[in-house]
file entry-v2.pdb (PDB, C-alpha atoms)
ATOM      1  CA  MET N   1      -5.648  13.404  27.103
ATOM      2  CA  LYS N   2      -2.488  11.745  25.831
ATOM      3  CA  LYS N   3       0.113  12.588  23.275
ATOM      4  CA  VAL N   4       1.429   9.583  21.358
ATOM      5  CA  LYS N   5       4.690   9.870  19.436
ATOM      6  CA  VAL N   6       4.895   7.220  16.726
ATOM      7  CA  TYR N   7       8.133   6.358  14.905
ATOM      8  CA  VAL N   8       7.789   4.405  11.664
ATOM      9  CA  THR N   9      10.966   2.984  10.135
ATOM     10  CA  LEU N  10      11.759   0.679   7.232
ATOM     11  CA  ARG N  11      12.510  -2.858   8.296
ATOM     12  CA  GLU N  12      16.170  -3.881   8.368
ATOM     13  CA  SER N  13      15.585  -6.251   5.448
ATOM     14  CA  VAL N  14      14.312  -3.435   3.228
ATOM     15  CA  LEU N  15      16.809  -1.296   1.322
ATOM     16  CA  ASP N  16      16.520   2.421   2.024
ATOM     17  CA  PRO N  17      17.911   4.227  -1.052
ATOM     18  CA  GLN N  18      17.068   7.608   0.477
ATOM     19  CA  GLY N  19      19.090   6.789   3.586
ATOM     20  CA  SER N  20      21.957   5.516   1.424
ATOM     21  CA  ALA N  21      21.959   8.768  -0.575
ATOM     22  CA  VAL N  22      22.088  10.820   2.612
ATOM     23  CA  MET N  23      24.905   8.658   3.985
ATOM     24  CA  GLY N  24      26.833   9.127   0.733
ATOM     25  CA  SER N  25      26.488  12.874   1.137
ATOM     26  CA  LEU N  26      27.657  12.766   4.748
ATOM     27  CA  HIS N  27      30.694  10.724   3.676
ATOM     28  CA  LYS N  28      31.498  13.295   0.974
ATOM     29  CA  MET N  29      31.351  15.948   3.669
ATOM     30  CA  GLY N  30      34.007  14.001   5.562
ATOM     31  CA  TYR N  31      31.885  12.325   8.250
ATOM     32  CA  ASP N  32      33.331   8.879   7.656
ATOM     33  CA  GLU N  33      32.310   7.641  11.087
ATOM     34  CA  VAL N  34      28.651   7.554   9.969
ATOM     35  CA  GLU N  35      28.063   3.877   9.262
ATOM     36  CA  ASP N  36      24.392   3.828   8.347
ATOM     37  CA  VAL N  37      21.456   6.175   7.773
ATOM     38  CA  ARG N  38      17.846   5.070   7.814
ATOM     39  CA  ILE N  39      15.041   7.507   7.092
ATOM     40  CA  GLY N  40      11.680   7.069   8.760
ATOM     41  CA  LYS N  41       8.558   8.961   9.723
ATOM     42  CA  TYR N  42       7.564  10.637  12.941
ATOM     43  CA  LEU N  43       3.895  11.161  13.794
ATOM     44  CA  GLU N  44       2.303  12.875  16.787
ATOM     45  CA  LEU N  45      -1.206  11.885  17.776
ATOM     46  CA  VAL N  46      -3.299  13.512  20.453
ATOM     47  CA  ILE N  47      -5.740  11.021  21.918
ATOM     48  CA  GLY N  48      -8.714  12.218  23.901
ATOM     49  CA  ASP N  49      -9.960  10.483  27.045
ATOM     50  CA  SER N  50     -11.470   7.166  26.117
ATOM     51  CA  GLU N  51     -12.554   3.889  27.642
ATOM     52  CA  ARG N  52     -10.249   2.085  25.261
ATOM     53  CA  ASP N  53      -6.831   0.843  26.216
ATOM     54  CA  VAL N  54      -4.384   3.304  24.628
ATOM     55  CA  ASP N  55      -1.778   0.670  23.751
ATOM     56  CA  ALA N  56      -4.349  -1.485  22.024
ATOM     57  CA  LEU N  57      -5.682   1.544  20.190
ATOM     58  CA  VAL N  58      -2.267   2.752  18.999
ATOM     59  CA  ASN N  59      -1.276  -0.716  17.838
ATOM     60  CA  GLU N  60      -4.515  -0.959  15.899
ATOM     61  CA  LEU N  61      -3.952   2.436  14.255
ATOM     62  CA  CYS N  62      -0.400   1.491  13.312
ATOM     63  CA  HIS N  63      -1.392  -1.864  11.863
ATOM     64  CA  ARG N  64      -4.370  -0.575   9.925
ATOM     65  CA  LEU N  65      -2.940   2.653   8.529
ATOM     66  CA  LEU N  66       0.091   4.380  10.006
ATOM     67  CA  ALA N  67       2.606   1.657   9.127
ATOM     68  CA  ASN N  68       2.689  -0.996   6.420
ATOM     69  CA  THR N  69       4.076  -3.912   8.385
ATOM     70  CA  VAL N  70       5.180  -5.673   5.196
ATOM     71  CA  ILE N  71       8.057  -3.193   5.022
ATOM     72  CA  GLU N  72       7.899  -1.056   8.149
ATOM     73  CA  ASP N  73       8.337  -1.376  11.903
ATOM     74  CA  TYR N  74       6.936   1.073  14.382
ATOM     75  CA  ARG N  75       7.398   2.043  17.996
ATOM     76  CA  TYR N  76       5.708   4.655  20.100
ATOM     77  CA  GLU N  77       5.842   6.631  23.332
ATOM     78  CA  ILE N  78       2.851   7.830  25.298
ATOM     79  CA  GLU N  79       2.901  11.090  27.255
ATOM     80  CA  GLU N  80       0.221  12.404  29.561
ATOM     81  CA  VAL N  81      -0.933  15.856  28.518
ATOM     82  CA  VAL N  82      -2.062  18.025  31.393
ATOM     83  CA  SER N  83      -4.829  20.307  30.158
ATOM     84  CA  GLN N  84      -4.365  23.903  31.120
TER      85      GLN N  84
ATOM     86  CA  MET F   1     -19.427  -5.181 -20.925
ATOM     87  CA  LYS F   2     -19.623  -2.263 -18.523
ATOM     88  CA  PHE F   3     -16.570  -0.996 -16.694
ATOM     89  CA  ALA F   4     -16.328   1.278 -13.675
ATOM     90  CA  VAL F   5     -13.363   3.642 -13.672
ATOM     91  CA  ILE F   6     -12.903   4.539 -10.005
ATOM     92  CA  VAL F   7     -11.918   8.164  -9.489
ATOM     93  CA  PHE F   8     -10.114   9.067  -6.270
ATOM     94  CA  PRO F   9      -9.093  12.599  -5.357
ATOM     95  CA  GLY F  10      -5.735  12.767  -7.122
ATOM     96  CA  SER F  11      -6.348  10.122  -9.799
ATOM     97  CA  ASN F  12      -4.933  11.359 -13.097
ATOM     98  CA  CYS F  13      -5.094   8.403 -15.488
ATOM     99  CA  ASP F  14      -8.862   8.035 -15.237
ATOM    100  CA  LEU F  15      -9.425   9.773 -18.574
ATOM    101  CA  ASP F  16      -6.883   7.542 -20.321
ATOM    102  CA  MET F  17      -8.580   4.478 -18.863
ATOM    103  CA  TYR F  18     -12.019   5.717 -19.919
ATOM    104  CA  HIS F  19     -10.769   6.507 -23.419
ATOM    105  CA  ALA F  20      -9.146   3.089 -23.784
ATOM    106  CA  VAL F  21     -12.330   1.250 -22.844
ATOM    107  CA  LYS F  22     -14.867   3.493 -24.534
ATOM    108  CA  ASP F  23     -13.138   4.576 -27.731
ATOM    109  CA  GLU F  24     -10.508   1.934 -28.488
ATOM    110  CA  LEU F  25     -12.159  -1.144 -26.995
ATOM    111  CA  GLY F  26     -15.714  -0.063 -27.826
ATOM    112  CA  GLU F  27     -17.188  -1.106 -24.487
ATOM    113  CA  GLU F  28     -19.123   0.850 -21.880
ATOM    114  CA  ALA F  29     -17.314   2.825 -19.197
ATOM    115  CA  GLU F  30     -18.420   5.172 -16.440
ATOM    116  CA  TYR F  31     -16.509   7.248 -13.942
ATOM    117  CA  VAL F  32     -17.353   6.267 -10.383
ATOM    118  CA  TRP F  33     -16.470   8.618  -7.528
ATOM    119  CA  HIS F  34     -14.467   7.220  -4.599
ATOM    120  CA  ASP F  35     -17.360   7.412  -2.111
ATOM    121  CA  SER F  36     -19.761   5.339  -4.224
ATOM    122  CA  LYS F  37     -21.541   2.618  -2.263
ATOM    123  CA  ASP F  38     -22.660   0.410  -5.106
ATOM    124  CA  LEU F  39     -20.698  -1.215  -7.929
ATOM    125  CA  SER F  40     -23.168  -4.029  -8.530
ATOM    126  CA  SER F  41     -24.127  -2.794 -12.007
ATOM    127  CA  TYR F  42     -20.548  -3.027 -13.336
ATOM    128  CA  ASP F  43     -18.922  -6.076 -14.899
ATOM    129  CA  GLY F  44     -15.322  -4.921 -14.418
ATOM    130  CA  ILE F  45     -13.593  -2.535 -12.031
ATOM    131  CA  LEU F  46     -10.659  -0.357 -13.092
ATOM    132  CA  LEU F  47      -8.451   1.472 -10.575
ATOM    133  CA  PRO F  48      -6.487   4.098 -12.508
ATOM    134  CA  GLY F  49      -3.099   5.630 -11.902
ATOM    135  CA  GLY F  50      -2.333   8.934 -10.289
ATOM    136  CA  PHE F  51      -1.588  10.218  -6.840
ATOM    137  CA  SER F  52      -4.661   9.435  -4.792
ATOM    138  CA  TYR F  53      -4.816  11.607  -1.682
ATOM    139  CA  GLY F  54      -1.504  13.160  -2.697
ATOM    140  CA  ASP F  55       0.356   9.912  -1.908
ATOM    141  CA  TYR F  56       0.224  11.079   1.717
ATOM    142  CA  LEU F  57       1.670   8.640   4.264
ATOM    143  CA  ARG F  58       2.305   5.957   1.600
ATOM    144  CA  CYS F  59       1.068   5.530  -1.972
ATOM    145  CA  GLY F  60      -2.437   4.095  -1.787
ATOM    146  CA  ALA F  61      -2.517   4.053   2.018
ATOM    147  CA  ILE F  62      -5.352   6.540   2.405
ATOM    148  CA  ALA F  63      -7.302   5.362  -0.645
ATOM    149  CA  GLN F  64      -7.607   1.843   0.790
ATOM    150  CA  PHE F  65     -10.187   3.241   3.254
ATOM    151  CA  SER F  66     -12.231   5.148   0.663
ATOM    152  CA  GLY F  67     -15.913   4.306   0.770
ATOM    153  CA  VAL F  68     -15.811   2.546  -2.582
ATOM    154  CA  MET F  69     -13.126   0.075  -1.514
ATOM    155  CA  ASP F  70     -15.624  -2.139   0.360
ATOM    156  CA  GLU F  71     -17.442  -2.417  -2.961
ATOM    157  CA  VAL F  72     -14.195  -3.175  -4.800
ATOM    158  CA  ARG F  73     -13.592  -5.969  -2.279
ATOM    159  CA  LYS F  74     -17.095  -7.297  -2.869
ATOM    160  CA  ALA F  75     -16.554  -7.222  -6.635
ATOM    161  CA  ALA F  76     -13.263  -9.114  -6.209
ATOM    162  CA  GLU F  77     -14.965 -11.692  -3.989
ATOM    163  CA  ALA F  78     -17.720 -12.056  -6.583
ATOM    164  CA  GLY F  79     -15.034 -12.962  -9.140
ATOM    165  CA  LYS F  80     -15.377  -9.818 -11.256
ATOM    166  CA  PRO F  81     -12.228  -8.621 -12.990
ATOM    167  CA  VAL F  82     -10.467  -5.925 -10.953
ATOM    168  CA  LEU F  83      -7.541  -4.169 -12.631
ATOM    169  CA  GLY F  84      -5.289  -1.739 -10.772
ATOM    170  CA  ILE F  85      -2.738   0.183 -12.796
ATOM    171  CA  CYS F  86       0.124   2.143 -11.246
ATOM    172  CA  ASN F  87      -1.443   3.922  -8.257
ATOM    173  CA  GLY F  88      -4.296   1.429  -8.644
ATOM    174  CA  PHE F  89      -1.771  -1.392  -8.069
ATOM    175  CA  GLN F  90      -0.419   0.427  -5.014
ATOM    176  CA  ILE F  91      -3.951   0.763  -3.638
ATOM    177  CA  LEU F  92      -4.627  -2.964  -4.186
ATOM    178  CA  THR F  93      -1.489  -3.933  -2.220
ATOM    179  CA  GLU F  94      -2.289  -1.506   0.606
ATOM    180  CA  ALA F  95      -5.840  -2.876   0.722
ATOM    181  CA  GLY F  96      -4.464  -6.412   1.021
ATOM    182  CA  LEU F  97      -6.110  -7.562  -2.220
ATOM    183  CA  LEU F  98      -2.641  -8.291  -3.610
ATOM    184  CA  PRO F  99       0.502  -9.236  -1.667
ATOM    185  CA  GLY F 100       3.673  -7.164  -1.343
ATOM    186  CA  VAL F 101       4.216  -3.440  -1.607
ATOM    187  CA  LEU F 102       5.642  -0.839  -4.007
ATOM    188  CA  LEU F 103       8.723   1.012  -2.732
ATOM    189  CA  ARG F 104      10.549   4.051  -4.071
ATOM    190  CA  ASN F 105      12.463   3.296  -7.284
ATOM    191  CA  LYS F 106      15.971   2.220  -6.384
ATOM    192  CA  ASN F 107      17.487   5.332  -8.058
ATOM    193  CA  LEU F 108      14.943   7.586  -6.261
ATOM    194  CA  LYS F 109      13.817   8.999  -9.604
ATOM    195  CA  PHE F 110      10.371   9.344 -11.116
ATOM    196  CA  MET F 111      10.719   7.400 -14.368
ATOM    197  CA  CYS F 112       8.558   7.990 -17.420
ATOM    198  CA  ARG F 113       9.244   6.077 -20.623
ATOM    199  CA  THR F 114       8.257   3.048 -22.660
ATOM    200  CA  VAL F 115       9.739  -0.245 -21.470
ATOM    201  CA  GLY F 116       9.767  -3.853 -22.592
ATOM    202  CA  LEU F 117       7.571  -6.279 -20.692
ATOM    203  CA  LYS F 118       7.442 -10.055 -20.868
ATOM    204  CA  VAL F 119       4.120 -11.855 -20.562
ATOM    205  CA  GLU F 120       4.972 -14.490 -17.947
ATOM    206  CA  ASN F 121       1.498 -15.975 -17.765
ATOM    207  CA  ASN F 122      -0.977 -15.725 -20.635
ATOM    208  CA  ASN F 123      -3.407 -18.063 -18.935
ATOM    209  CA  THR F 124      -5.308 -15.343 -17.114
ATOM    210  CA  LEU F 125      -8.446 -13.422 -17.917
ATOM    211  CA  PHE F 126      -6.263 -10.353 -18.439
ATOM    212  CA  THR F 127      -3.675 -11.855 -20.788
ATOM    213  CA  ASN F 128      -5.331 -14.559 -22.903
ATOM    214  CA  GLU F 129      -4.910 -12.429 -26.056
ATOM    215  CA  TYR F 130      -1.122 -12.418 -25.651
ATOM    216  CA  GLU F 131       1.309 -15.215 -26.448
ATOM    217  CA  GLN F 132       3.098 -16.882 -23.546
ATOM    218  CA  GLY F 133       6.485 -15.195 -23.246
ATOM    219  CA  GLN F 134       5.518 -12.398 -25.652
ATOM    220  CA  GLU F 135       7.529  -9.197 -25.402
ATOM    221  CA  ILE F 136       5.422  -6.068 -25.442
ATOM    222  CA  GLN F 137       6.152  -2.341 -25.224
ATOM    223  CA  ILE F 138       4.194  -0.450 -22.567
ATOM    224  CA  PRO F 139       4.823   2.972 -21.007
ATOM    225  CA  ILE F 140       5.700   3.362 -17.343
ATOM    226  CA  ALA F 141       5.407   6.508 -15.249
ATOM    227  CA  HIS F 142       6.157   6.030 -11.575
ATOM    228  CA  GLY F 143       8.358   7.026  -8.675
ATOM    229  CA  GLU F 144       7.277   4.118  -6.486
ATOM    230  CA  GLY F 145       7.250   1.038  -8.686
ATOM    231  CA  ASN F 146       9.876  -1.032  -6.931
ATOM    232  CA  TYR F 147       7.955  -4.202  -6.096
ATOM    233  CA  PHE F 148       8.928  -5.745  -2.776
ATOM    234  CA  CYS F 149       7.792  -8.911  -1.031
ATOM    235  CA  ASP F 150       9.393 -11.362   1.378
ATOM    236  CA  ASP F 151      10.857 -14.708   0.295
ATOM    237  CA  ALA F 152       7.830 -16.755   1.322
ATOM    238  CA  THR F 153       5.491 -14.493  -0.664
ATOM    239  CA  TYR F 154       7.749 -14.625  -3.715
ATOM    240  CA  THR F 155       7.879 -18.423  -3.623
ATOM    241  CA  HIS F 156       4.122 -18.512  -3.327
ATOM    242  CA  LEU F 157       3.658 -16.108  -6.267
ATOM    243  CA  LYS F 158       6.037 -18.153  -8.371
ATOM    244  CA  GLU F 159       4.478 -21.512  -7.535
ATOM    245  CA  ASN F 160       0.972 -20.271  -8.330
ATOM    246  CA  ASN F 161       1.953 -18.532 -11.586
ATOM    247  CA  GLN F 162       0.806 -15.227 -10.104
ATOM    248  CA  ILE F 163       3.616 -13.249 -11.720
ATOM    249  CA  VAL F 164       1.943 -12.030 -14.905
ATOM    250  CA  PHE F 165       4.373  -9.412 -16.256
ATOM    251  CA  THR F 166       8.090  -8.849 -15.729
ATOM    252  CA  TYR F 167      10.325  -6.030 -16.980
ATOM    253  CA  ALA F 168      12.839  -6.913 -19.685
ATOM    254  CA  ASP F 169      15.401  -4.817 -17.779
ATOM    255  CA  ASP F 170      15.814  -3.921 -14.133
ATOM    256  CA  PHE F 171      15.426  -0.151 -13.823
ATOM    257  CA  ASN F 172      13.446   0.355 -10.627
ATOM    258  CA  GLY F 173      14.714  -2.413  -8.332
ATOM    259  CA  SER F 174      11.597  -4.607  -8.425
ATOM    260  CA  ARG F 175      12.085  -8.059  -6.998
ATOM    261  CA  ASN F 176      12.873 -10.417  -9.884
ATOM    262  CA  ASN F 177      11.780  -7.634 -12.281
ATOM    263  CA  ILE F 178       8.135  -8.064 -11.292
ATOM    264  CA  ALA F 179       5.910  -5.583 -13.128
ATOM    265  CA  GLY F 180       2.472  -7.106 -12.506
ATOM    266  CA  ILE F 181       0.901  -9.795 -10.326
ATOM    267  CA  ILE F 182      -2.476 -11.450 -10.011
ATOM    268  CA  ASN F 183      -4.332 -12.794  -6.977
ATOM    269  CA  GLU F 184      -4.664 -16.528  -6.361
ATOM    270  CA  ARG F 185      -8.176 -16.670  -7.740
ATOM    271  CA  GLY F 186      -6.999 -14.933 -10.905
ATOM    272  CA  ASN F 187      -9.435 -12.024 -11.100
ATOM    273  CA  VAL F 188      -7.437  -9.177  -9.489
ATOM    274  CA  LEU F 189      -4.452  -7.874 -11.458
ATOM    275  CA  GLY F 190      -2.117  -5.106 -10.356
ATOM    276  CA  MET F 191       0.612  -3.710 -12.601
ATOM    277  CA  MET F 192       2.811  -0.609 -12.630
ATOM    278  CA  PRO F 193       3.035  -0.114 -16.445
ATOM    279  CA  HIS F 194       0.175   1.639 -18.233
ATOM    280  CA  PRO F 195      -1.534  -0.545 -20.892
ATOM    281  CA  GLU F 196      -4.270   2.117 -21.170
ATOM    282  CA  ARG F 197      -1.643   4.445 -22.630
ATOM    283  CA  ALA F 198      -0.769   1.933 -25.355
ATOM    284  CA  VAL F 199      -4.040   1.389 -27.181
ATOM    285  CA  SER F 200      -3.497   3.110 -30.531
ATOM    286  CA  ASP F 201      -0.692   3.605 -33.030
ATOM    287  CA  LEU F 202      -1.538   7.287 -32.914
ATOM    288  CA  ILE F 203      -0.174   7.490 -29.357
ATOM    289  CA  GLY F 204       2.897   5.418 -30.010
ATOM    290  CA  GLY F 205       1.778   1.826 -29.822
ATOM    291  CA  LYS F 206      -1.111  -0.477 -29.031
ATOM    292  CA  ASP F 207       0.436  -3.412 -27.179
ATOM    293  CA  GLY F 208      -1.822  -2.633 -24.222
ATOM    294  CA  LEU F 209      -5.077  -3.106 -26.077
ATOM    295  CA  ALA F 210      -4.872  -6.923 -25.954
ATOM    296  CA  LEU F 211      -5.083  -6.755 -22.160
ATOM    297  CA  PHE F 212      -8.468  -5.050 -22.345
ATOM    298  CA  ARG F 213      -9.560  -7.325 -25.186
ATOM    299  CA  SER F 214      -8.672 -10.325 -23.027
ATOM    300  CA  ILE F 215     -10.993  -9.167 -20.257
ATOM    301  CA  VAL F 216     -13.881  -8.718 -22.674
ATOM    302  CA  LYS F 217     -13.236 -12.036 -24.432
ATOM    303  CA  GLN F 218     -13.285 -13.942 -21.128
ATOM    304  CA  TRP F 219     -16.425 -12.131 -20.022
ATOM    305  CA  ARG F 220     -18.241 -12.858 -23.302
ATOM    306  CA  GLU F 221     -17.337 -16.538 -23.185
ATOM    307  CA  ALA F 222     -18.502 -16.814 -19.573
ATOM    308  CA  HIS F 223     -21.810 -15.168 -20.412
ATOM    309  CA  VAL F 224     -22.451 -17.167 -23.555
ATOM    310  CA  SER F 225     -21.972 -20.465 -21.722
ATOM    311  CA  HIS F 226     -24.378 -19.325 -19.004
ATOM    312  CA  ALA F 227     -27.038 -18.153 -21.416
TER     313      ALA F 227
END
call {"tool": "encode", "arguments": {"input": "entry-v2.pdb", "output": "structure tokens"}}
result
Amino acid sequence: MKKVKVYVTLRESVLDPQGSAVMGSLHKMGYDEVEDVRIGKYLELVIGDSERDVDALVNELCHRLLANTVIEDYRYEIEEVVSQ
Amino acid sequence: MKFAVIVFPGSNCDLDMYHAVKDELGEEAEYVWHDSKDLSSYDGILLPGGFSYGDYLRCGAIAQFSGVMDEVRKAAEAGKPVLGICNGFQILTEAGLLPGVLLRNKNLKFMCRTVGLKVENNNTLFTNEYEQGQEIQIPIAHGEGNYFCDDATYTHLKENNQIVFTYADDFNGSRNNIAGIINERGNVLGMMPHPERAVSDLIGGKDGLALFRSIVKQWREAHVSHA
């Protein structure tokens, strides 16, 4: 069994008005050193034992549903889950 | 002419769409549930607005894998008119039937009001009852109507006259004020504004009715010539 942590973020070329609003708030609070804020999504998947290559599977899931690659990039980490 | 109004869990403009077709246009309409496996008996497919699957993940992202979407694809490939309004437009982009994507409005607000639209291309089966360049008043109601596409896609849309409607003013951040686009073949239209909510003076205007009349006119002409 594996746990896959997927991070989906807006591409650099896409404006993120939500991130800009949060950055504006941080600046108002006095945190001027914050230069950029980008808001994304974090997903955790638990993948059961399978014949399929996990990387190929996760890439397929991301391309087909989890991310819209027109506007989003994704990256992921895979962790082994030791069943108890 | 018989229209299917596809109903997803979370659709909320399906009744407006049905009313527009049935009562104002005087054509046949039926509600079709999202898991339907057969759309062959319908002449036109309408994807209404709303919040299918609660807009979870991204607007339209889950709906693109509804059972009925294979049938919508088949209908599009068969050349039948497919019209996606608001959430319907978002579903069509997620499903890859139209290019680009709808982002959050640039001011992060859900906006609900009547806006001016310009008919950029009246040479389509959806707009032949409008004048080229005509200004019409159609309501909008969306939080994610900010049309985005990359430069290459925009150039392609422009060169092929696929930009059908633009907003008179920029209020949501859409690229070049794009409000509605059509596929290359010209039978799949997606638009954020709601023509189905502008079909009678009683509800504040009927500039949207010509869009539905256009579809029927084209269909009648096609079927007369084949008879």
call {"tool": "residues_near_point", "arguments": {"input": "entry-v2.pdb", "point": "(-0.3, 10.9, 25.2)", "cutoff": "12 Å", "atoms": "all atoms listed in the file", "output": "list in words"}}
result
Met1, Lys2, Lys3, Val4, Lys5, Val6, Glu44, Leu45, Val46, Ile47, Gly48, Asp49, Ser50, Val54, Asp55, Leu57, Val58, Tyr76, Glu77, Ile78, Glu79, Glu80, Val81, Val82 and Ser83 of chain N
call {"tool": "closest_residue", "arguments": {"input": "entry-v2.pdb", "among": "N:Arg75, N:Arg52, N:His63, N:His27", "to": "chain F", "atoms": "only C-alpha atoms"}}
result
N:His63
call {"tool": "atom_distance", "arguments": {"input": "entry-v2.pdb", "atom1": "CA of Ala168 in chain F", "atom2": "CA of Glu135 in chain F"}}
result
8.1 Å
call {"tool": "closest_residue", "arguments": {"input": "entry-v2.pdb", "among": "F:Pro139, F:Gly60, F:Gly145, F:Pro193", "to": "chain N", "atoms": "all atoms listed in the file"}}
result
F:Gly60
call {"tool": "residues_around", "arguments": {"input": "entry-v2.pdb", "residues": "range 33-41 of chain N", "least_positions_apart": "2", "cutoff": "8 Å", "atoms": "only C-alpha atoms", "output": "list in words"}}
result
Tyr7, Val8, Thr9, Leu10, Asp16, Gln18, Gly19, Ser20, Val22, Met23, Leu26, His27, Tyr31 and Leu43 of chain N
call {"tool": "residues_around", "arguments": {"input": "entry-v2.pdb", "residues": "Lys74 in chain F", "least_positions_apart": "2", "cutoff": "12 Å", "atoms": "all atoms listed in the file", "output": "PyMOL selection string"}}
result
chain F and resi 37-40+42+44-45+68-72+76-82+97+188
call {"tool": "decode", "arguments": {"input": "entry-v2.pdb", "residues": "range 62-84 of chain N", "atoms": "N, CA and C atoms", "output": "PDB file, in the first residue's frame"}}
result
ATOM      1  N   CYS N  62      -3.544  12.310 -12.585  1.00  0.00           N
ATOM      2  CA  CYS N  62      -3.376  13.770 -12.594  1.00  0.00           C
ATOM      3  C   CYS N  62      -3.801  14.357 -13.928  1.00  0.00           C
ATOM      4  N   HIS N  63      -3.373  13.701 -15.014  1.00  0.00           N
ATOM      5  CA  HIS N  63      -3.703  14.243 -16.337  1.00  0.00           C
ATOM      6  C   HIS N  63      -5.187  14.156 -16.635  1.00  0.00           C
ATOM      7  N   ARG N  64      -5.797  13.045 -16.222  1.00  0.00           N
ATOM      8  CA  ARG N  64      -7.204  12.842 -16.592  1.00  0.00           C
ATOM      9  C   ARG N  64      -8.157  13.617 -15.697  1.00  0.00           C
ATOM     10  N   LEU N  65      -7.822  13.790 -14.409  1.00  0.00           N
ATOM     11  CA  LEU N  65      -8.799  14.409 -13.523  1.00  0.00           C
ATOM     12  C   LEU N  65      -8.231  15.382 -12.489  1.00  0.00           C
ATOM     13  N   LEU N  66      -7.191  14.979 -11.798  1.00  0.00           N
ATOM     14  CA  LEU N  66      -6.788  15.751 -10.606  1.00  0.00           C
ATOM     15  C   LEU N  66      -6.273  17.143 -10.940  1.00  0.00           C
ATOM     16  N   ALA N  67      -5.634  17.295 -12.097  1.00  0.00           N
ATOM     17  CA  ALA N  67      -5.140  18.614 -12.504  1.00  0.00           C
ATOM     18  C   ALA N  67      -5.645  18.922 -13.909  1.00  0.00           C
ATOM     19  N   ASN N  68      -5.871  20.179 -14.199  1.00  0.00           N
ATOM     20  CA  ASN N  68      -6.162  20.599 -15.568  1.00  0.00           C
ATOM     21  C   ASN N  68      -4.884  21.230 -16.088  1.00  0.00           C
ATOM     22  N   THR N  69      -4.170  20.488 -16.931  1.00  0.00           N
ATOM     23  CA  THR N  69      -2.820  20.911 -17.307  1.00  0.00           C
ATOM     24  C   THR N  69      -2.811  22.127 -18.232  1.00  0.00           C
ATOM     25  N   VAL N  70      -3.989  22.607 -18.612  1.00  0.00           N
ATOM     26  CA  VAL N  70      -4.039  23.885 -19.346  1.00  0.00           C
ATOM     27  C   VAL N  70      -3.598  25.030 -18.412  1.00  0.00           C
ATOM     28  N   ILE N  71      -3.953  24.899 -17.141  1.00  0.00           N
ATOM     29  CA  ILE N  71      -3.669  25.983 -16.195  1.00  0.00           C
ATOM     30  C   ILE N  71      -2.892  25.548 -14.958  1.00  0.00           C
ATOM     31  N   GLU N  72      -2.762  24.228 -14.771  1.00  0.00           N
ATOM     32  CA  GLU N  72      -2.163  23.755 -13.524  1.00  0.00           C
ATOM     33  C   GLU N  72      -0.964  22.845 -13.751  1.00  0.00           C
ATOM     34  N   ASP N  73      -0.017  22.901 -12.822  1.00  0.00           N
ATOM     35  CA  ASP N  73       1.076  21.938 -12.753  1.00  0.00           C
ATOM     36  C   ASP N  73       0.825  21.063 -11.538  1.00  0.00           C
ATOM     37  N   TYR N  74       1.445  19.904 -11.544  1.00  0.00           N
ATOM     38  CA  TYR N  74       1.332  19.058 -10.355  1.00  0.00           C
ATOM     39  C   TYR N  74       2.670  18.390 -10.061  1.00  0.00           C
ATOM     40  N   ARG N  75       2.855  18.029  -8.817  1.00  0.00           N
ATOM     41  CA  ARG N  75       3.978  17.184  -8.432  1.00  0.00           C
ATOM     42  C   ARG N  75       3.481  16.276  -7.326  1.00  0.00           C
ATOM     43  N   TYR N  76       4.231  15.208  -7.086  1.00  0.00           N
ATOM     44  CA  TYR N  76       3.736  14.273  -6.070  1.00  0.00           C
ATOM     45  C   TYR N  76       4.892  13.572  -5.371  1.00  0.00           C
ATOM     46  N   GLU N  77       4.579  13.044  -4.197  1.00  0.00           N
ATOM     47  CA  GLU N  77       5.534  12.238  -3.426  1.00  0.00           C
ATOM     48  C   GLU N  77       4.854  10.911  -3.110  1.00  0.00           C
ATOM     49  N   ILE N  78       5.629   9.863  -3.128  1.00  0.00           N
ATOM     50  CA  ILE N  78       5.069   8.543  -2.808  1.00  0.00           C
ATOM     51  C   ILE N  78       5.690   8.029  -1.513  1.00  0.00           C
ATOM     52  N   GLU N  79       4.855   7.596  -0.598  1.00  0.00           N
ATOM     53  CA  GLU N  79       5.346   7.030   0.670  1.00  0.00           C
ATOM     54  C   GLU N  79       4.851   5.599   0.804  1.00  0.00           C
ATOM     55  N   GLU N  80       5.693   4.742   1.278  1.00  0.00           N
ATOM     56  CA  GLU N  80       5.258   3.370   1.576  1.00  0.00           C
ATOM     57  C   GLU N  80       4.441   3.400   2.863  1.00  0.00           C
ATOM     58  N   VAL N  81       3.323   2.729   2.876  1.00  0.00           N
ATOM     59  CA  VAL N  81       2.538   2.636   4.106  1.00  0.00           C
ATOM     60  C   VAL N  81       2.688   1.215   4.632  1.00  0.00           C
ATOM     61  N   VAL N  82       3.182   1.107   5.841  1.00  0.00           N
ATOM     62  CA  VAL N  82       3.345  -0.225   6.432  1.00  0.00           C
ATOM     63  C   VAL N  82       2.043  -0.574   7.143  1.00  0.00           C
ATOM     64  N   SER N  83       1.387  -1.626   6.688  1.00  0.00           N
ATOM     65  CA  SER N  83       0.110  -1.992   7.327  1.00  0.00           C
ATOM     66  C   SER N  83       0.370  -2.568   8.718  1.00  0.00           C
ATOM     67  N   GLN N  84      -0.535  -2.247   9.607  1.00  0.00           N
ATOM     68  CA  GLN N  84      -0.298  -2.629  11.001  1.00  0.00           C
ATOM     69  C   GLN N  84      -0.935  -3.966  11.357  1.00  0.00           C
TER      70      GLN N  84
END
